[in-house]
Amino acid sequence: MLGPELARMFERIADLLEIDGADAFRINSYRRASRTLKETSADIAALAAEGRLTELQAIGKGTAGRIEQFIDTGRIDVLTELEEKLPEGLPALLEIPGLGPKKLALMHGKLGVAGLDDLKEVIDSGTLAALPGLGPTSVKKIAEGIAFLQRSGERTPLGIALPIAEMLAAKVASLKGVKRVEIAGSLRRGKETVGDIDILCDAADGKAVIKDFVAFTGVKRVLAAGATKGSITVELPRARELQVDLRVVPGESFGAALQYFTGSKEHNVRLRELAVRRKWRLSEYGLFDGEKLLTGRREQDIYKKLGLPDIPPQLREDRGEFDSGWHGRAVGQRSSSPSDRGDDAGAGITELVTLEDIRGDLHVHTDASDGRFSIEQMAQAAKQRGYEYIAVCDHSKSSAIANGLSIKRMEKHIEAIRSADRKLRGFTIIVGCECDILRDGSLDYPDELLAECDFVVASIHSGMTWSRDRRGAGKPSPTERTLAAMENKYVSAIGHPTGRLIGQRPPMELDMGAVVEAAARTGTMLEINANWQRLDLKDLHIRQALDAGVLLVMATDAHHTEQYDQMRYGVMTARRGGATKGDVVNTLSPTLLRKRIAAKRR
DNA sequence: GCCGTTTTCGGCCCGACTGTTTTCAGTCG
């Protein structure tokens, strides 16, 4: 993958330049270019061949030249030179909290520190504390930073962090004098994983609130406890710890603080630039004209004052949310020419799909395969939460581990679903199945059986680690298998298209450009699997699918009635991808939904 | 190194905290 590989190289150039003491703006340019390369769905090689690389955001003459050099020669001179100059283990040390590029350069220059082992050695021997500008406290902080890094490890999935944050936020809200509490940070933006939890509250006596906060049961460690900020860690499985920050802010700047601490950093930078352009200043205390506070109490007023729509938190990533026509344009591409711009800046940006829009769950399992509950129990539970329909999609015969249904059992199961549907008033149970896409690209059930189902989700559960050179030689790739499945007129949707499990299993090598093109052409929908371990499609792929005009299915893949709750993670992810109500098929009434599903079969 | 209703040079976000400082640099979010 060219984009991600180049992104990593540019990030490394930036890290090394930083340690080398280069100009901060030049470093930042490499970081921004790296981000574009990582996120764009554009074909880098094709753009390079046509000499159009500079059409990408943050790619100018310089970085375009380096990309071309990499394509031509497999290396980038700037990077090679930096790597010859500086030890390879140095950039990794930038991860350590409390240790930045300046100190790192100093300890490399004066003490020859080249990696983590060297660093630990100079800490223990006391030579580090003797460096100018570094005292015993700094050294202690660095040592603690190393320890924290090892405890906190990787990022925490949304589905783990959000319930913890909500529990803590509720406890903060119950404290004396607390008027308002909000969860901010990447959690509010619905990012699939988060680094920490940020909570904001409005209270008069910050010191008292923080004092109670750091004394909550379940607090593993107290990192800071001041008058406006408290910082703790809570314990996670596998001896990991998650940091939680609580900030107490006054009511008149609550909106500004909420905006600021929600981020993302990149979004905030752009927002402040807009303020500066109007000769104003934006900070976590408010929007100012000189000393005069223009607004700060309500977040939406800040956006309004800056001439922007109320940009939903999930879109605040500087991925085009400031442009008009932000929707329907590939991430990383420059905005349309000024003459194309209408006065409808951001129209539709505030109309993203919501949890309330979802009228049913289109991928649930029962005890016929590997679910916990019966058809009736799954339906009742869905009805109780206000849904109007579910699609029962149990596993097909090849998913032996999941107790997949043989053709005979499936025929009986179809009857059972129809019977349950007839008995339940005011609720629709759709006959579906989750049909395996086999290793040869064929489907696990014959067309005659698929035709009996009203909704067919086709998924890959085997042969995910296909690789071109070894075991997969001569066999169809995951992309080819997915494309083949979509050609079948009975396949309504592709389930968890990339097969990833966040933090556990990487996505399959899938040519998403080819998949969304075929989905649009064949009228096949793509699933947003809302299970927080999957979130598949992910945000950027959703964006790509929408750009191609593909319709989405939102589903929890619930194996248990409690897992219906996970729909909200899917909604957050869909919103991050820019999906509106009209982009998601299960916002339709049962009648319209059936029509929409049936459309492909005609 | 990028970029332009500030347009080919001269800008590039803002404030808090902290430690080692006697006026501020480094780091963080």
# chains A, B, ... in the order shown; residues from 1 in each chain; ligands from 1
call {"tool": "residues_around", "arguments": {"residues": "range 398-415 of chain A", "least_positions_apart": "4", "cutoff": "9 Å", "atoms": "only C-alpha atoms (C1' of nucleotides)", "output": "list in words"}}
result
Ala368, Ser369, Asp370, Gly371, Asp394, Ser419, Ala420, Val431, Gly432, Cys433, Cys435, Asp436, Leu438, Asp444, Tyr445, Pro446, Leu449, Glu452, Cys453, His461 and Ser462 of chain A
call {"tool": "write_last_selection", "arguments": {"atoms": "N, CA and C atoms", "output": "PDB file, in the first residue's frame"}}
result
ATOM      1  N   ALA A 368     -30.372 -20.564  16.788  1.00  0.00           N
ATOM      2  CA  ALA A 368     -30.326 -21.541  15.695  1.00  0.00           C
ATOM      3  C   ALA A 368     -28.879 -21.744  15.239  1.00  0.00           C
ATOM      4  N   SER A 369     -28.069 -20.664  15.296  1.00  0.00           N
ATOM      5  CA  SER A 369     -26.632 -20.849  15.029  1.00  0.00           C
ATOM      6  C   SER A 369     -25.862 -20.551  16.311  1.00  0.00           C
ATOM      7  N   ASP A 370     -25.148 -19.437  16.387  1.00  0.00           N
ATOM      8  CA  ASP A 370     -24.311 -19.211  17.572  1.00  0.00           C
ATOM      9  C   ASP A 370     -24.814 -18.093  18.479  1.00  0.00           C
ATOM     10  N   GLY A 371     -26.089 -17.680  18.334  1.00  0.00           N
ATOM     11  CA  GLY A 371     -26.637 -16.669  19.223  1.00  0.00           C
ATOM     12  C   GLY A 371     -27.108 -17.274  20.532  1.00  0.00           C
ATOM     13  N   ASP A 394     -28.662 -15.821  10.502  1.00  0.00           N
ATOM     14  CA  ASP A 394     -27.784 -16.811  11.116  1.00  0.00           C
ATOM     15  C   ASP A 394     -26.763 -17.332  10.106  1.00  0.00           C
ATOM     16  N   SER A 419     -43.028 -17.989  10.777  1.00  0.00           N
ATOM     17  CA  SER A 419     -44.061 -18.261  11.766  1.00  0.00           C
ATOM     18  C   SER A 419     -43.997 -17.248  12.919  1.00  0.00           C
ATOM     19  N   ALA A 420     -42.778 -16.977  13.391  1.00  0.00           N
ATOM     20  CA  ALA A 420     -42.613 -16.005  14.482  1.00  0.00           C
ATOM     21  C   ALA A 420     -43.076 -14.630  14.030  1.00  0.00           C
ATOM     22  N   VAL A 431     -36.702 -12.464   7.039  1.00  0.00           N
ATOM     23  CA  VAL A 431     -35.957 -13.715   6.845  1.00  0.00           C
ATOM     24  C   VAL A 431     -34.633 -13.389   6.169  1.00  0.00           C
ATOM     25  N   GLY A 432     -33.561 -13.663   6.894  1.00  0.00           N
ATOM     26  CA  GLY A 432     -32.254 -13.377   6.323  1.00  0.00           C
ATOM     27  C   GLY A 432     -31.268 -14.484   6.588  1.00  0.00           C
ATOM     28  N   CYS A 433     -30.072 -14.328   6.108  1.00  0.00           N
ATOM     29  CA  CYS A 433     -28.989 -15.235   6.475  1.00  0.00           C
ATOM     30  C   CYS A 433     -27.671 -14.505   6.306  1.00  0.00           C
ATOM     31  N   CYS A 435     -24.500 -15.432   4.797  1.00  0.00           N
ATOM     32  CA  CYS A 435     -23.974 -16.491   3.955  1.00  0.00           C
ATOM     33  C   CYS A 435     -22.479 -16.321   3.741  1.00  0.00           C
ATOM     34  N   ASP A 436     -21.726 -17.359   4.040  1.00  0.00           N
ATOM     35  CA  ASP A 436     -20.273 -17.297   3.859  1.00  0.00           C
ATOM     36  C   ASP A 436     -19.890 -17.111   2.391  1.00  0.00           C
ATOM     37  N   LEU A 438     -17.096 -18.246   0.234  1.00  0.00           N
ATOM     38  CA  LEU A 438     -16.081 -19.295   0.387  1.00  0.00           C
ATOM     39  C   LEU A 438     -14.745 -18.893  -0.249  1.00  0.00           C
ATOM     40  N   ASP A 444     -22.018 -19.961   0.016  1.00  0.00           N
ATOM     41  CA  ASP A 444     -22.180 -21.186   0.794  1.00  0.00           C
ATOM     42  C   ASP A 444     -23.557 -21.837   0.612  1.00  0.00           C
ATOM     43  N   TYR A 445     -24.506 -21.104   0.088  1.00  0.00           N
ATOM     44  CA  TYR A 445     -25.839 -21.647  -0.187  1.00  0.00           C
ATOM     45  C   TYR A 445     -26.142 -21.505  -1.683  1.00  0.00           C
ATOM     46  N   PRO A 446     -26.926 -22.432  -2.234  1.00  0.00           N
ATOM     47  CA  PRO A 446     -27.328 -22.313  -3.629  1.00  0.00           C
ATOM     48  C   PRO A 446     -28.321 -21.156  -3.800  1.00  0.00           C
ATOM     49  N   LEU A 449     -31.903 -21.403  -2.391  1.00  0.00           N
ATOM     50  CA  LEU A 449     -32.114 -21.170  -0.968  1.00  0.00           C
ATOM     51  C   LEU A 449     -32.013 -19.666  -0.651  1.00  0.00           C
ATOM     52  N   GLU A 452     -35.075 -17.781  -1.146  1.00  0.00           N
ATOM     53  CA  GLU A 452     -36.085 -17.926  -0.091  1.00  0.00           C
ATOM     54  C   GLU A 452     -35.912 -16.871   1.001  1.00  0.00           C
ATOM     55  N   CYS A 453     -34.706 -16.319   1.077  1.00  0.00           N
ATOM     56  CA  CYS A 453     -34.441 -15.288   2.088  1.00  0.00           C
ATOM     57  C   CYS A 453     -34.778 -13.922   1.504  1.00  0.00           C
ATOM     58  N   HIS A 461     -15.483 -15.301   6.261  1.00  0.00           N
ATOM     59  CA  HIS A 461     -15.063 -15.738   7.598  1.00  0.00           C
ATOM     60  C   HIS A 461     -13.834 -16.629   7.532  1.00  0.00           C
ATOM     61  N   SER A 462     -13.360 -16.895   6.328  1.00  0.00           N
ATOM     62  CA  SER A 462     -12.208 -17.799   6.183  1.00  0.00           C
ATOM     63  C   SER A 462     -11.265 -17.252   5.124  1.00  0.00           C
TER      64      SER A 462
END
call {"tool": "select_by_dssp", "arguments": {"residues": "range 65-169 of chain A", "states": "alpha helix (DSSP H)", "output": "number ranges by chain"}}
result
A: 65-73, 77-85, 101-111, 116-125, 136-152, 158-169
call {"tool": "interface_residues", "arguments": {"of": "chain B", "to": "chain A", "cutoff": "9 Å", "atoms": "only C-alpha atoms (C1' of nucleotides)", "output": "PyMOL selection string"}}
result
chain B and resi 1-3+6+12-15+19-21+25-29
call {"tool": "atom_distance", "arguments": {"atom1": "CA of Ala530 in chain A", "atom2": "CA of Glu166 in chain A"}}
result
18.9 Å
call {"tool": "closest_residue", "arguments": {"among": "A:Leu94, A:Met572, A:Val181, A:Leu79", "to": "Ile19 in chain A", "atoms": "only C-alpha atoms"}}
result
A:Leu94
call {"tool": "closest_residue", "arguments": {"among": "A:Thr428, A:Gln544, A:Gln377, A:Thr127", "to": "Tyr389 in chain A", "atoms": "only C-alpha atoms"}}
result
A:Thr428
call {"tool": "select_by_dssp", "arguments": {"residues": "range 376-585 of chain A", "states": "strand (DSSP E or B)", "output": "NGL selection string"}}
result
:A and (389-396 or 405 or 428-437 or 443 or 455-459 or 493-494 or 501 or 505 or 525-529 or 536 or 552-555 or 558 or 580 or 584)
call {"tool": "write_last_selection", "arguments": {"atoms": "N, CA and C atoms", "output": "tab-separated table (two decimals), in the first residue's frame"}}
result
chain	number	residue	atom	x	y	z
A	389	TYR	N	-38.34	-3.54	13.14
A	389	TYR	CA	-37.97	-4.79	12.48
A	389	TYR	C	-36.56	-5.24	12.84
A	390	ILE	N	-36.32	-6.53	12.64
A	390	ILE	CA	-34.96	-7.06	12.65
A	390	ILE	C	-34.84	-8.01	11.46
A	391	ALA	N	-33.61	-8.23	11.04
A	391	ALA	CA	-33.35	-9.28	10.06
A	391	ALA	C	-32.56	-10.37	10.77
A	392	VAL	N	-33.16	-11.56	10.84
A	392	VAL	CA	-32.46	-12.69	11.46
A	392	VAL	C	-31.50	-13.28	10.44
A	393	CYS	N	-30.21	-13.16	10.71
A	393	CYS	CA	-29.18	-13.57	9.76
A	393	CYS	C	-28.23	-14.56	10.41
A	394	ASP	N	-28.66	-15.82	10.50
A	394	ASP	CA	-27.78	-16.81	11.12
A	394	ASP	C	-26.76	-17.33	10.11
A	395	HIS	N	-25.75	-17.99	10.67
A	395	HIS	CA	-24.61	-18.43	9.85
A	395	HIS	C	-24.99	-19.56	8.89
A	396	SER	N	-24.30	-19.60	7.77
A	396	SER	CA	-24.51	-20.65	6.78
A	396	SER	C	-23.64	-21.86	7.10
A	405	LEU	N	-25.92	-23.29	9.70
A	405	LEU	CA	-27.08	-24.12	9.38
A	405	LEU	C	-26.89	-24.86	8.04
A	428	THR	N	-41.83	-6.53	12.41
A	428	THR	CA	-41.49	-7.37	11.27
A	428	THR	C	-40.19	-8.13	11.53
A	429	ILE	N	-40.24	-9.43	11.33
A	429	ILE	CA	-39.00	-10.22	11.38
A	429	ILE	C	-38.67	-10.61	9.95
A	430	ILE	N	-37.57	-10.10	9.47
A	430	ILE	CA	-37.17	-10.34	8.09
A	430	ILE	C	-36.37	-11.63	8.02
A	431	VAL	N	-36.70	-12.46	7.04
A	431	VAL	CA	-35.96	-13.71	6.84
A	431	VAL	C	-34.63	-13.39	6.17
A	432	GLY	N	-33.56	-13.66	6.89
A	432	GLY	CA	-32.25	-13.38	6.32
A	432	GLY	C	-31.27	-14.48	6.59
A	433	CYS	N	-30.07	-14.33	6.11
A	433	CYS	CA	-28.99	-15.23	6.47
A	433	CYS	C	-27.67	-14.51	6.31
A	434	GLU	N	-26.68	-14.96	7.04
A	434	GLU	CA	-25.32	-14.48	6.82
A	434	GLU	C	-24.59	-15.59	6.10
A	435	CYS	N	-24.50	-15.43	4.80
A	435	CYS	CA	-23.97	-16.49	3.96
A	435	CYS	C	-22.48	-16.32	3.74
A	436	ASP	N	-21.73	-17.36	4.04
A	436	ASP	CA	-20.27	-17.30	3.86
A	436	ASP	C	-19.89	-17.11	2.39
A	437	ILE	N	-18.90	-16.26	2.18
A	437	ILE	CA	-18.24	-16.20	0.87
A	437	ILE	C	-17.06	-17.16	0.98
A	443	LEU	N	-20.67	-18.79	-3.11
A	443	LEU	CA	-21.45	-18.62	-1.90
A	443	LEU	C	-21.78	-19.97	-1.28
A	455	PHE	N	-33.38	-11.14	2.80
A	455	PHE	CA	-32.21	-10.26	3.00
A	455	PHE	C	-30.98	-11.14	3.22
A	456	VAL	N	-30.03	-11.03	2.31
A	456	VAL	CA	-28.83	-11.87	2.40
A	456	VAL	C	-27.59	-11.01	2.65
A	457	VAL	N	-26.96	-11.28	3.80
A	457	VAL	CA	-25.68	-10.64	4.08
A	457	VAL	C	-24.60	-11.65	3.72
A	458	ALA	N	-23.69	-11.28	2.85
A	458	ALA	CA	-22.59	-12.18	2.48
A	458	ALA	C	-21.31	-11.70	3.16
A	459	SER	N	-20.64	-12.65	3.85
A	459	SER	CA	-19.44	-12.26	4.61
A	459	SER	C	-18.32	-13.27	4.39
A	493	ALA	N	-26.24	-7.38	0.86
A	493	ALA	CA	-25.21	-6.57	1.51
A	493	ALA	C	-23.97	-7.41	1.78
A	494	ILE	N	-22.84	-6.72	1.92
A	494	ILE	CA	-21.60	-7.38	2.34
A	494	ILE	C	-21.41	-7.09	3.82
A	501	LEU	N	-10.59	-6.94	13.34
A	501	LEU	CA	-10.99	-6.85	14.74
A	501	LEU	C	-10.02	-5.85	15.36
A	505	ARG	N	-7.03	-8.16	15.02
A	505	ARG	CA	-6.81	-8.75	13.70
A	505	ARG	C	-6.84	-7.64	12.66
A	525	MET	N	-25.49	-3.31	-0.97
A	525	MET	CA	-25.23	-2.42	0.15
A	525	MET	C	-24.00	-2.88	0.91
A	526	LEU	N	-23.39	-1.96	1.63
A	526	LEU	CA	-22.26	-2.32	2.48
A	526	LEU	C	-22.66	-2.12	3.94
A	527	GLU	N	-22.26	-3.08	4.78
A	527	GLU	CA	-22.64	-3.03	6.19
A	527	GLU	C	-21.69	-2.13	6.98
A	528	ILE	N	-22.26	-1.40	7.91
A	528	ILE	CA	-21.45	-0.82	8.98
A	528	ILE	C	-21.73	-1.70	10.18
A	529	ASN	N	-20.82	-2.60	10.46
A	529	ASN	CA	-20.98	-3.49	11.60
A	529	ASN	C	-20.69	-2.68	12.86
A	536	ASP	N	-16.85	-1.82	11.11
A	536	ASP	CA	-16.36	-2.23	9.79
A	536	ASP	C	-17.57	-2.24	8.86
A	552	LEU	N	-25.84	2.19	2.66
A	552	LEU	CA	-25.26	1.51	3.81
A	552	LEU	C	-26.32	0.79	4.65
A	553	VAL	N	-25.90	-0.28	5.32
A	553	VAL	CA	-26.74	-1.00	6.27
A	553	VAL	C	-26.10	-0.87	7.63
A	554	MET	N	-26.86	-0.48	8.64
A	554	MET	CA	-26.30	-0.39	9.98
A	554	MET	C	-26.77	-1.59	10.77
A	555	ALA	N	-25.85	-2.32	11.38
A	555	ALA	CA	-26.26	-3.53	12.08
A	555	ALA	C	-25.28	-3.88	13.19
A	558	ALA	N	-25.72	-8.70	16.50
A	558	ALA	CA	-25.97	-9.09	17.89
A	558	ALA	C	-26.12	-10.61	18.02
A	580	THR	N	-25.75	10.52	6.16
A	580	THR	CA	-27.02	11.12	6.57
A	580	THR	C	-28.06	10.00	6.67
A	584	VAL	N	-28.57	5.50	4.92
A	584	VAL	CA	-28.65	4.28	5.71
A	584	VAL	C	-30.01	3.62	5.49
call {"tool": "atom_distance", "arguments": {"atom1": "CA of Val364 in chain A", "atom2": "CA of Met378 in chain A"}}
result
8.0 Å
call {"tool": "closest_residue", "arguments": {"among": "A:Arg576, A:Arg319, A:Arg240, A:Arg52", "to": "Lys38 in chain A", "atoms": "only C-alpha atoms"}}
result
A:Arg319
call {"tool": "closest_residue", "arguments": {"among": "A:Glu81, A:Arg278, A:Asp198, A:Ser477", "to": "DT5 in chain B", "atoms": "only C-alpha atoms (C1' of nucleotides)"}}
result
A:Arg278
